[in-house]
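Report on one structure; see the data block that follows.
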Amino acid sequence: MKLKSVLIWCTWLLVALGLAGYLGAQMFTEEQKPDFLIGESSHGHYQIELQCVACHESPFGGPEVLQNACTSCHAEELKASHDSHPKSKFTDPRNADRLAVIDARQCIACHVEHNPEITHPMGVSLPEDFCFHCHQDIAEDRPSHQGMEFNTCASSGCHNYHDNRALYEEFLVDNAQGHWLHDDYQTINRDLKAYLQATGNVPEDKPQVKTQMNDAELSAMTDWTHSKHYESNIACVNCHGSEDNWLDKPPMQQCQNCHQQEFDGFTSGKHGMRLAVGMTPMTPAMSRTSNSTLSFHEANSNTPLTCNTCHNPHIVDVKQAAVNSCLSCHSDQHSESFLDSPHGQLWQAYENGQIADTEAVSCASCHMPRITVNEMGIDRVLVQHNQNAVLRPNEKMIRPVCMSCHSLAFSIDALADKTLIKNNFTGKPAKHIESIDMSLERVK
Ligand code: HEC
Ligand code: HEC
Ligand code: HEC
Ligand code: HEC
Ligand code: HEC
Ligand code: HEC
Ligand code: HEC
Ligand code: HEC
Ligand code: HEC
Ligand code: HEC
């Protein structure tokens, strides 16, 4: 046995038997020292890897403890994406032989942790051609698939294991036609106030400002009088508490009181995931940039990510939040190419007052798209604050983002072209994915 597996085995034995005493008790209570980690975790999770208890919820119980942890954080998102391979597909006894090779009812059959040597993008720990084990007969069913390599099923813009919403055959056929760019894009709809009014979160009276103010407070007040909060009668006391009990730095929970949905989104994505498990806020310095394509500006290395990072709490300017705030931290090639790209040019035209916000594309247009949620019987459009919700696999972006402006075919091709992702979509796609052609052929 290799030394590492011996170590893993020993640690696990200690923990599993509940004999670990000091060590075990610690692992299930608080953040650990890095040397306690048995192996680096995947790109999705390393930010919370020292909070062992986020996944190893209890020292007792078998694999179901881990399974519960996975589903407690991810079940909703898989359900929302109409998971193509839910557990329920594998309870059919006729599938027993398939499960003998890969027990697809268990998340950890495909997503182990602490094992960087075998971990691929999206935390997948099986070789790329694993679809073969269950779909080796696909070419018999579909002559179009004759001769295709099994390592291309999920890596070339055609299929995903969980989320196939943008790739359903019927959807491909229905959207086969269309100019690459629609001439009437979707408008930005924001009906926030109506909802907050319905929940009683918007004060009726004119805002109550602090009566005794020093210079800093006067300056905060000047900013605030230009904000949407001012227009909606949200004043100093709504965030800072009462005048006698003034909070100097109102915590994020104050924002959460009125903006629960944004808070939930923020804490389910990368930016807020540490806060969600009781750790300190994320900073760029915590990013494992050495083995990813991410990079950040030195100057903001230690800037913590909270609501106030993108929203100055007194100005709450969404324009600033949508591009400039992102670029104050992110400095990878994709981010840095944005302003010079055709989308970035549109954004600059909007900033210069030449076009309307509905015609512009920002970082947020793609990474924080608008979603409609129904709360208390009211349909409300808001901004998705989980920037990972449509990030990977990137076909997730097609329906809610690209297709409001582009054809399906153009969007599929553009997202499959790695060069276009790097240069932030400057130029036409050099790739062509044949899934639409194949679907049309089949229904002919
Ligand atoms: C994001 C979730 C997550 C976090 C956080 C996490 N682990 Fe794990 N851990 C896993 C998964 C998944 C496995 C794989 C189980 C398997 O392969 O059967 C695992 C396996 C293990 C094993 C057994 C190794 C084996 O292969 O059987 C040990 C020991 C362990 N983790 C310790 C820790 C410690 C200590 C921490 C905190 C420093 C930690 N883990 C944090 C998810 C996590
Ligand atoms: C405490 C909540 C939490 C737990 C527990 C958890 N995850 Fe995650 N997971 C996240 C967050 C947050 C991300 C990063 C954002 C994202 O990619 O959605 C993530 C990322 C991932 C990714 C990578 C997605 C990508 O784009 O790279 C996979 C796969 C994944 N989780 C599977 C699992 C599995 C399997 C388990 C159980 C062993 C598990 N998660 C446990 C919160 C959690
Ligand atoms: C453990 C077995 C198993 C593995 C591994 C597996 N599948 Fe499936 N897949 C199934 C089962 C079961 C169904 C249900 C339909 C059927 O009987 O074929 C299915 C259905 C599908 C469908 C059509 C259904 C739909 O609603 O979208 C697609 C497409 C698909 N799989 C693609 C893949 C791809 C791509 C991979 C590899 C990334 C993969 N599968 C890996 C078992 C598996
Ligand atoms: C048979 C293998 C397999 C099993 C079992 C599996 N996954 Fe995945 N998962 C994948 C593959 C492959 C990807 C990579 C993206 C793709 O091809 O769709 C992925 C991607 C993901 C992602 C990234 C986002 C997304 O929507 O694709 C998350 C999150 C995730 N898995 C969570 C889970 C959870 C939670 C479970 C258990 C309920 C689970 N997976 C079970 C193979 C599997
Ligand atoms: C939407 C919530 C909100 C409203 C309304 C608000 N503040 Fe603040 N204020 C904050 C937050 C959050 C901080 C802390 C920022 C930080 O942590 O750096 C803050 C910080 C301050 C500071 C510290 C200096 C600074 O600018 O960072 C002063 C002074 C201040 N507020 C005064 C006021 C006054 C006076 C009003 C009313 C005219 C007001 N605030 C309205 C949320 C608010
Ligand atoms: C007492 C309730 C309340 C609190 C507390 C509150 N907000 Fe708001 N917020 C509102 C209302 C009402 C609006 C609606 C303004 C509109 O669109 O007309 C709003 C709008 C916003 C907007 C959108 C501005 C725009 O131009 O559309 C942002 C961003 C925002 N709030 C952030 C925050 C942050 C960050 C905090 C915490 C520091 C916070 N809010 C605290 C009630 C609140
Ligand atoms: C990574 C940057 C970022 C962080 C962190 C962030 N926001 Fe936002 N937020 C944005 C952007 C960008 C927009 C507007 C996007 C647009 O107009 O296209 C926005 C819009 C909003 C809006 C108005 C639209 C809506 O959804 O109703 C509210 C309210 C809001 N944010 C509240 C919050 C709160 C509360 C937090 C903390 C829990 C927070 N934001 C954290 C970037 C951020
Ligand atoms: C205070 C600095 C900061 C600001 C401001 C910021 N980010 Fe981030 N962002 C980070 C850090 C740190 C990570 C986590 C990187 C990691 O470790 O995976 C991250 C992660 C991301 C990811 C996920 C990357 C991945 O591989 O999972 C996306 C997408 C993203 N940010 C987009 C944005 C957008 C869009 C904005 C503006 C609306 C923005 N960020 C604002 C620091 C920032
Ligand atoms: C037209 C849509 C679009 C726009 C505009 C856009 N992005 Fe992206 N972004 C993407 C896609 C697609 C990916 C790749 C997802 C994948 O395949 O992993 C991505 C990836 C990222 C990542 C992860 C990169 C990595 O190496 O893991 C970050 C961070 C990011 N974008 C930030 C930004 C910022 C900041 C801006 C604005 C300056 C921006 N993006 C503008 C679509 C967009
Ligand atoms: C709000 C509308 C809008 C959204 C959303 C949008 N785009 Fe665009 N896109 C445009 C417009 C308009 C242009 C053309 C700009 C020009 O010609 O100056 C464009 C240009 C492009 C180009 C460059 C074409 C060239 O000839 O250089 C690519 C590639 C592209 N978009 C891909 C995407 C992808 C992929 C997505 C989704 C992730 C997306 N776009 C989302 C409106 C949008």
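By convention in this document, the chains of the structure tokens carry letters A, B, ... by their order, each chain's residues are numbered from 1, and ligands are numbered from 1 in the order they are shown.
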Per residue of stretch 153-239 of chain A within 9 Å of stretch 81-100 of chain A, what are the shortest atom pair and its distance in Å to one decimal, counting only C-alpha atoms, with rows by chain and residue number, as a tab-separated table?
```
residue	atom	partner	partner_atom	distance
A:Asn160	CA	A:Ser84	CA	8.4
A:Tyr161	CA	A:Ser84	CA	6.6
A:His162	CA	A:Asp83	CA	4.5
A:Asp163	CA	A:Ser81	CA	5.3
A:Asn164	CA	A:Ser84	CA	6.8
A:Arg165	CA	A:Ser81	CA	6.8
```
Original post:
Which protein, DNA or RNA residues have an atom within 6 Å of ligand 7, counting only C-alpha atoms and all ligand atoms, as number ranges by chain?
Top reply: A: 192, 255-256, 259, 262-263, 266, 305-307, 309-310, 318, 321-322, 364-365, 382-383
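Near stretch 293-300 of chain A, within a cut-off of 12 Å and counting only C-alpha atoms, sit the residues His43, Met282, Thr283, Pro284, Ala285, Met286, Ser287, Thr309, Ser325, Cys326, Leu327, Ser328, Cys329, His330, Ser331, Asp332, Gln333, His334, Ser335, Glu336, Ile421 and Lys422 of chain A, with same-chain residues fewer than 6 positions away left out.
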Contacts to ligand 1 at 6 Å cut-off (only C-alpha atoms and all ligand atoms) as a CSV table (one decimal) with N, CA, C and O atoms, in the first residue's frame:
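Once written, pocket_7.csv looks like this:
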```csv
chain,number,residue,atom,x,y,z
A,8,ILE,N,-4.6,7.6,4.9
A,8,ILE,CA,-6.1,7.8,4.7
A,8,ILE,C,-6.8,6.8,5.5
A,8,ILE,O,-7.7,7.1,6.3
A,11,THR,N,-6.5,7.4,9.4
A,11,THR,CA,-7.3,8.5,9.8
A,11,THR,C,-8.8,8.1,9.9
A,11,THR,O,-9.5,8.4,10.8
A,12,TRP,N,-9.2,7.5,8.8
A,12,TRP,CA,-10.6,7.1,8.6
A,12,TRP,C,-11.0,6.1,9.7
A,12,TRP,O,-12.1,6.3,10.3
A,32,GLN,N,-10.4,23.1,10.6
A,32,GLN,CA,-9.1,22.4,10.9
A,32,GLN,C,-7.9,23.0,10.4
A,32,GLN,O,-7.9,23.9,9.5
A,36,PHE,N,-4.2,18.6,8.7
A,36,PHE,CA,-5.2,17.6,9.1
A,36,PHE,C,-5.8,17.0,7.9
A,36,PHE,O,-6.5,16.0,7.9
A,37,LEU,N,-5.7,17.7,6.8
A,37,LEU,CA,-6.3,17.3,5.5
A,37,LEU,C,-5.6,16.1,4.9
A,37,LEU,O,-4.4,16.1,4.8
A,45,HIS,N,-14.9,22.6,-4.0
A,45,HIS,CA,-15.0,22.5,-2.6
A,45,HIS,C,-13.9,23.0,-1.7
A,45,HIS,O,-14.0,23.1,-0.5
A,48,ILE,N,-14.0,25.2,1.3
A,48,ILE,CA,-14.6,24.8,2.6
A,48,ILE,C,-13.9,23.5,3.1
A,48,ILE,O,-14.5,22.9,4.1
A,49,GLU,N,-12.8,23.1,2.5
A,49,GLU,CA,-12.3,21.8,2.9
A,49,GLU,C,-11.9,21.7,4.3
A,49,GLU,O,-11.9,20.6,4.9
A,50,LEU,N,-11.5,22.8,5.0
A,50,LEU,CA,-11.1,22.7,6.4
A,50,LEU,C,-12.2,22.6,7.3
A,50,LEU,O,-12.1,22.4,8.5
A,51,GLN,N,-13.4,22.8,6.8
A,51,GLN,CA,-14.6,22.7,7.6
A,51,GLN,C,-15.1,21.3,7.4
A,51,GLN,O,-16.1,21.0,6.7
A,52,CYS,N,-14.4,20.3,7.9
A,52,CYS,CA,-14.7,18.9,7.7
A,52,CYS,C,-16.2,18.5,7.8
A,52,CYS,O,-16.8,17.8,7.1
A,54,ALA,N,-18.7,20.1,7.3
A,54,ALA,CA,-19.7,20.4,6.2
A,54,ALA,C,-20.1,19.2,5.4
A,54,ALA,O,-21.2,19.1,4.9
A,55,CYS,N,-19.2,18.2,5.3
A,55,CYS,CA,-19.5,17.0,4.5
A,55,CYS,C,-19.6,15.8,5.5
A,55,CYS,O,-20.5,15.0,5.4
A,108,ILE,N,-20.9,9.7,-4.5
A,108,ILE,CA,-19.4,9.4,-4.4
A,108,ILE,C,-18.9,8.3,-5.4
A,108,ILE,O,-17.7,8.1,-5.5
A,112,VAL,N,-15.5,11.5,-5.8
A,112,VAL,CA,-14.8,11.3,-4.6
A,112,VAL,C,-14.1,12.6,-4.2
A,112,VAL,O,-14.1,13.5,-5.0
A,113,GLU,N,-13.5,12.7,-3.1
A,113,GLU,CA,-12.8,13.9,-2.6
A,113,GLU,C,-11.4,13.6,-2.2
A,113,GLU,O,-11.1,12.4,-2.0
```
Residues within 8 Å of stretch 127-136 of chain A, please, as a PDB file with N, CA, C and O atoms, in the first residue's frame. Count only C-alpha atoms; anything in the same chain fewer than 3 positions from it doesn't count.
```
ATOM      1  N   ARG A  98     -26.138  -2.721 -14.472  1.00  0.00           N
ATOM      2  CA  ARG A  98     -25.420  -1.466 -14.709  1.00  0.00           C
ATOM      3  C   ARG A  98     -24.810  -0.953 -13.411  1.00  0.00           C
ATOM      4  O   ARG A  98     -23.686  -0.439 -13.396  1.00  0.00           O
ATOM      5  N   VAL A 101     -21.301  -2.081 -12.004  1.00  0.00           N
ATOM      6  CA  VAL A 101     -20.060  -1.418 -12.424  1.00  0.00           C
ATOM      7  C   VAL A 101     -19.913  -0.052 -11.743  1.00  0.00           C
ATOM      8  O   VAL A 101     -18.893   0.262 -11.143  1.00  0.00           O
ATOM      9  N   ILE A 102     -20.970   0.754 -11.853  1.00  0.00           N
ATOM     10  CA  ILE A 102     -20.955   2.080 -11.211  1.00  0.00           C
ATOM     11  C   ILE A 102     -22.256   2.231 -10.431  1.00  0.00           C
ATOM     12  O   ILE A 102     -23.323   2.246 -11.032  1.00  0.00           O
ATOM     13  N   ALA A 139     -25.023   2.977 -30.525  1.00  0.00           N
ATOM     14  CA  ALA A 139     -24.948   3.065 -31.991  1.00  0.00           C
ATOM     15  C   ALA A 139     -25.994   2.172 -32.671  1.00  0.00           C
ATOM     16  O   ALA A 139     -26.419   2.444 -33.797  1.00  0.00           O
ATOM     17  N   GLU A 149     -16.458   8.312 -30.270  1.00  0.00           N
ATOM     18  CA  GLU A 149     -15.696   7.885 -29.100  1.00  0.00           C
ATOM     19  C   GLU A 149     -16.490   8.187 -27.834  1.00  0.00           C
ATOM     20  O   GLU A 149     -17.104   9.245 -27.734  1.00  0.00           O
ATOM     21  N   PHE A 150     -16.414   7.298 -26.848  1.00  0.00           N
ATOM     22  CA  PHE A 150     -17.181   7.527 -25.624  1.00  0.00           C
ATOM     23  C   PHE A 150     -16.641   8.676 -24.768  1.00  0.00           C
ATOM     24  O   PHE A 150     -17.342   9.191 -23.917  1.00  0.00           O
ATOM     25  N   ASN A 151     -15.413   9.099 -25.029  1.00  0.00           N
ATOM     26  CA  ASN A 151     -14.923  10.233 -24.239  1.00  0.00           C
ATOM     27  C   ASN A 151     -15.419  11.571 -24.789  1.00  0.00           C
ATOM     28  O   ASN A 151     -15.077  12.625 -24.276  1.00  0.00           O
ATOM     29  N   THR A 152     -16.237  11.529 -25.861  1.00  0.00           N
ATOM     30  CA  THR A 152     -16.736  12.797 -26.396  1.00  0.00           C
ATOM     31  C   THR A 152     -18.191  13.071 -25.995  1.00  0.00           C
ATOM     32  O   THR A 152     -18.675  14.179 -26.191  1.00  0.00           O
ATOM     33  N   CYS A 153     -18.893  12.067 -25.416  1.00  0.00           N
ATOM     34  CA  CYS A 153     -20.327  12.250 -25.118  1.00  0.00           C
ATOM     35  C   CYS A 153     -20.578  13.536 -24.348  1.00  0.00           C
ATOM     36  O   CYS A 153     -21.468  14.316 -24.673  1.00  0.00           O
TER      37      CYS A 153
END
```
Original post:
Could you pull the residues within 12 Å of A:Val390, counting only C-alpha atoms, minus those fewer than 3 positions along the same chain, as a ChimeraX atom specification?
Top reply: /A:77,80-81,163,165-166,265,269,364-371,384-387,393-402
**OP:** Write out as a ChimeraX atom specification each polymer residue whose atoms come within 9 Å of A:His182, counting only C-alpha atoms; drop sequence neighbours fewer than 4 positions from it.
**Re:** /A:178,403-407
Subject >> ligand 4 neighbours within 6 Å using only C-alpha atoms and all ligand atoms, as a VMD selection string >> reply: chain A and resid 70 to 71 74 104 to 107 109 to 110 122 124 154 160 to 163 392 to 393
Output file for the selection above: N, CA, C and O atoms, as a PDB file, in the first residue's frame:
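To be explicit, this is the file written out as again.pdb:
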```pdb
ATOM      1  N   CYS A  70     -24.207  15.723   0.522  1.00  0.00           N
ATOM      2  CA  CYS A  70     -24.235  16.142  -0.895  1.00  0.00           C
ATOM      3  C   CYS A  70     -25.622  16.636  -1.259  1.00  0.00           C
ATOM      4  O   CYS A  70     -25.781  17.690  -1.868  1.00  0.00           O
ATOM      5  N   THR A  71     -26.631  15.859  -0.883  1.00  0.00           N
ATOM      6  CA  THR A  71     -27.968  16.244  -1.310  1.00  0.00           C
ATOM      7  C   THR A  71     -28.462  17.478  -0.544  1.00  0.00           C
ATOM      8  O   THR A  71     -29.181  18.280  -1.100  1.00  0.00           O
ATOM      9  N   HIS A  74     -26.964  20.145  -2.725  1.00  0.00           N
ATOM     10  CA  HIS A  74     -27.109  20.134  -4.188  1.00  0.00           C
ATOM     11  C   HIS A  74     -28.436  19.622  -4.739  1.00  0.00           C
ATOM     12  O   HIS A  74     -28.678  19.738  -5.947  1.00  0.00           O
ATOM     13  N   ALA A 104     -24.597   4.234  -9.481  1.00  0.00           N
ATOM     14  CA  ALA A 104     -24.965   5.627  -9.760  1.00  0.00           C
ATOM     15  C   ALA A 104     -25.986   6.205  -8.788  1.00  0.00           C
ATOM     16  O   ALA A 104     -26.365   7.359  -8.905  1.00  0.00           O
ATOM     17  N   ARG A 105     -26.409   5.413  -7.811  1.00  0.00           N
ATOM     18  CA  ARG A 105     -27.306   5.985  -6.796  1.00  0.00           C
ATOM     19  C   ARG A 105     -26.525   6.837  -5.804  1.00  0.00           C
ATOM     20  O   ARG A 105     -27.063   7.663  -5.098  1.00  0.00           O
ATOM     21  N   GLN A 106     -25.206   6.562  -5.732  1.00  0.00           N
ATOM     22  CA  GLN A 106     -24.349   7.266  -4.773  1.00  0.00           C
ATOM     23  C   GLN A 106     -23.525   8.350  -5.473  1.00  0.00           C
ATOM     24  O   GLN A 106     -22.788   8.052  -6.407  1.00  0.00           O
ATOM     25  N   CYS A 107     -23.615   9.565  -4.985  1.00  0.00           N
ATOM     26  CA  CYS A 107     -22.820  10.652  -5.570  1.00  0.00           C
ATOM     27  C   CYS A 107     -21.326  10.290  -5.595  1.00  0.00           C
ATOM     28  O   CYS A 107     -20.630  10.579  -6.561  1.00  0.00           O
ATOM     29  N   ALA A 109     -19.861   7.662  -6.075  1.00  0.00           N
ATOM     30  CA  ALA A 109     -19.411   6.718  -7.105  1.00  0.00           C
ATOM     31  C   ALA A 109     -18.673   7.487  -8.206  1.00  0.00           C
ATOM     32  O   ALA A 109     -17.805   6.938  -8.893  1.00  0.00           O
ATOM     33  N   CYS A 110     -19.015   8.742  -8.395  1.00  0.00           N
ATOM     34  CA  CYS A 110     -18.399   9.543  -9.458  1.00  0.00           C
ATOM     35  C   CYS A 110     -17.668  10.783  -8.945  1.00  0.00           C
ATOM     36  O   CYS A 110     -16.911  11.411  -9.669  1.00  0.00           O
ATOM     37  N   MET A 122     -15.155  19.679 -12.754  1.00  0.00           N
ATOM     38  CA  MET A 122     -16.451  19.456 -12.129  1.00  0.00           C
ATOM     39  C   MET A 122     -16.418  18.304 -11.131  1.00  0.00           C
ATOM     40  O   MET A 122     -17.404  17.592 -10.938  1.00  0.00           O
ATOM     41  N   VAL A 124     -15.324  15.377 -11.152  1.00  0.00           N
ATOM     42  CA  VAL A 124     -15.628  14.025 -11.615  1.00  0.00           C
ATOM     43  C   VAL A 124     -14.388  13.154 -11.454  1.00  0.00           C
ATOM     44  O   VAL A 124     -13.316  13.491 -11.944  1.00  0.00           O
ATOM     45  N   ALA A 154     -19.780  13.723 -23.282  1.00  0.00           N
ATOM     46  CA  ALA A 154     -20.070  14.825 -22.364  1.00  0.00           C
ATOM     47  C   ALA A 154     -19.070  15.972 -22.492  1.00  0.00           C
ATOM     48  O   ALA A 154     -19.173  16.950 -21.780  1.00  0.00           O
ATOM     49  N   ASN A 160     -24.795  16.189 -21.244  1.00  0.00           N
ATOM     50  CA  ASN A 160     -24.258  16.307 -19.900  1.00  0.00           C
ATOM     51  C   ASN A 160     -24.834  15.163 -19.092  1.00  0.00           C
ATOM     52  O   ASN A 160     -25.867  14.614 -19.456  1.00  0.00           O
ATOM     53  N   TYR A 161     -24.187  14.832 -18.009  1.00  0.00           N
ATOM     54  CA  TYR A 161     -24.702  13.726 -17.211  1.00  0.00           C
ATOM     55  C   TYR A 161     -25.971  14.137 -16.466  1.00  0.00           C
ATOM     56  O   TYR A 161     -26.941  13.399 -16.438  1.00  0.00           O
ATOM     57  N   HIS A 162     -25.953  15.337 -15.865  1.00  0.00           N
ATOM     58  CA  HIS A 162     -27.130  15.771 -15.094  1.00  0.00           C
ATOM     59  C   HIS A 162     -28.052  16.695 -15.893  1.00  0.00           C
ATOM     60  O   HIS A 162     -29.240  16.464 -15.987  1.00  0.00           O
ATOM     61  N   ASP A 163     -27.491  17.771 -16.410  1.00  0.00           N
ATOM     62  CA  ASP A 163     -28.315  18.858 -16.944  1.00  0.00           C
ATOM     63  C   ASP A 163     -28.306  18.851 -18.477  1.00  0.00           C
ATOM     64  O   ASP A 163     -27.339  19.256 -19.103  1.00  0.00           O
ATOM     65  N   ARG A 392     -21.113  25.949 -14.965  1.00  0.00           N
ATOM     66  CA  ARG A 392     -20.614  24.677 -15.465  1.00  0.00           C
ATOM     67  C   ARG A 392     -21.640  23.576 -15.316  1.00  0.00           C
ATOM     68  O   ARG A 392     -22.258  23.505 -14.261  1.00  0.00           O
ATOM     69  N   PRO A 393     -21.818  22.661 -16.236  1.00  0.00           N
ATOM     70  CA  PRO A 393     -21.306  22.752 -17.601  1.00  0.00           C
ATOM     71  C   PRO A 393     -21.888  23.993 -18.279  1.00  0.00           C
ATOM     72  O   PRO A 393     -23.032  24.349 -18.009  1.00  0.00           O
TER      73      PRO A 393
END
```
Go through chain A and flag each residue having an atom no more than 6 Å from ligand 6; for those, report the closest pair of atoms plus their distance in Å to one decimal, using only C-alpha atoms and all ligand atoms, ordered by chain and rising number, as JSON lines.
```
{"residue": "A:Leu192", "atom": "CA", "partner": "ligand 6", "partner_atom_place_in_ligand_line": "17 (O)", "distance": 5.2}
{"residue": "A:Lys193", "atom": "CA", "partner": "ligand 6", "partner_atom_place_in_ligand_line": "14 (C)", "distance": 4.9}
{"residue": "A:Leu196", "atom": "CA", "partner": "ligand 6", "partner_atom_place_in_ligand_line": "12 (C)", "distance": 5.7}
{"residue": "A:Asn201", "atom": "CA", "partner": "ligand 6", "partner_atom_place_in_ligand_line": "2 (C)", "distance": 5.3}
{"residue": "A:Val202", "atom": "CA", "partner": "ligand 6", "partner_atom_place_in_ligand_line": "12 (C)", "distance": 5.0}
{"residue": "A:Lys228", "atom": "CA", "partner": "ligand 6", "partner_atom_place_in_ligand_line": "15 (C)", "distance": 4.7}
{"residue": "A:His229", "atom": "CA", "partner": "ligand 6", "partner_atom_place_in_ligand_line": "19 (C)", "distance": 5.3}
{"residue": "A:Ser232", "atom": "CA", "partner": "ligand 6", "partner_atom_place_in_ligand_line": "12 (C)", "distance": 5.3}
{"residue": "A:Ile234", "atom": "CA", "partner": "ligand 6", "partner_atom_place_in_ligand_line": "1 (C)", "distance": 5.6}
{"residue": "A:Asn238", "atom": "CA", "partner": "ligand 6", "partner_atom_place_in_ligand_line": "1 (C)", "distance": 5.1}
{"residue": "A:Cys239", "atom": "CA", "partner": "ligand 6", "partner_atom_place_in_ligand_line": "5 (C)", "distance": 5.1}
{"residue": "A:Gln254", "atom": "CA", "partner": "ligand 6", "partner_atom_place_in_ligand_line": "5 (C)", "distance": 5.1}
{"residue": "A:Cys255", "atom": "CA", "partner": "ligand 6", "partner_atom_place_in_ligand_line": "37 (C)", "distance": 3.4}
{"residue": "A:Asn257", "atom": "CA", "partner": "ligand 6", "partner_atom_place_in_ligand_line": "5 (C)", "distance": 5.9}
{"residue": "A:Cys258", "atom": "CA", "partner": "ligand 6", "partner_atom_place_in_ligand_line": "2 (C)", "distance": 4.5}
{"residue": "A:Cys307", "atom": "CA", "partner": "ligand 6", "partner_atom_place_in_ligand_line": "35 (C)", "distance": 4.9}
{"residue": "A:Asn308", "atom": "CA", "partner": "ligand 6", "partner_atom_place_in_ligand_line": "35 (C)", "distance": 5.5}
{"residue": "A:His311", "atom": "CA", "partner": "ligand 6", "partner_atom_place_in_ligand_line": "35 (C)", "distance": 5.5}
{"residue": "A:Pro313", "atom": "CA", "partner": "ligand 6", "partner_atom_place_in_ligand_line": "38 (C)", "distance": 4.7}
{"residue": "A:Val316", "atom": "CA", "partner": "ligand 6", "partner_atom_place_in_ligand_line": "29 (C)", "distance": 4.6}
{"residue": "A:Asp317", "atom": "CA", "partner": "ligand 6", "partner_atom_place_in_ligand_line": "26 (O)", "distance": 5.4}
{"residue": "A:Val318", "atom": "CA", "partner": "ligand 6", "partner_atom_place_in_ligand_line": "26 (O)", "distance": 5.3}
```
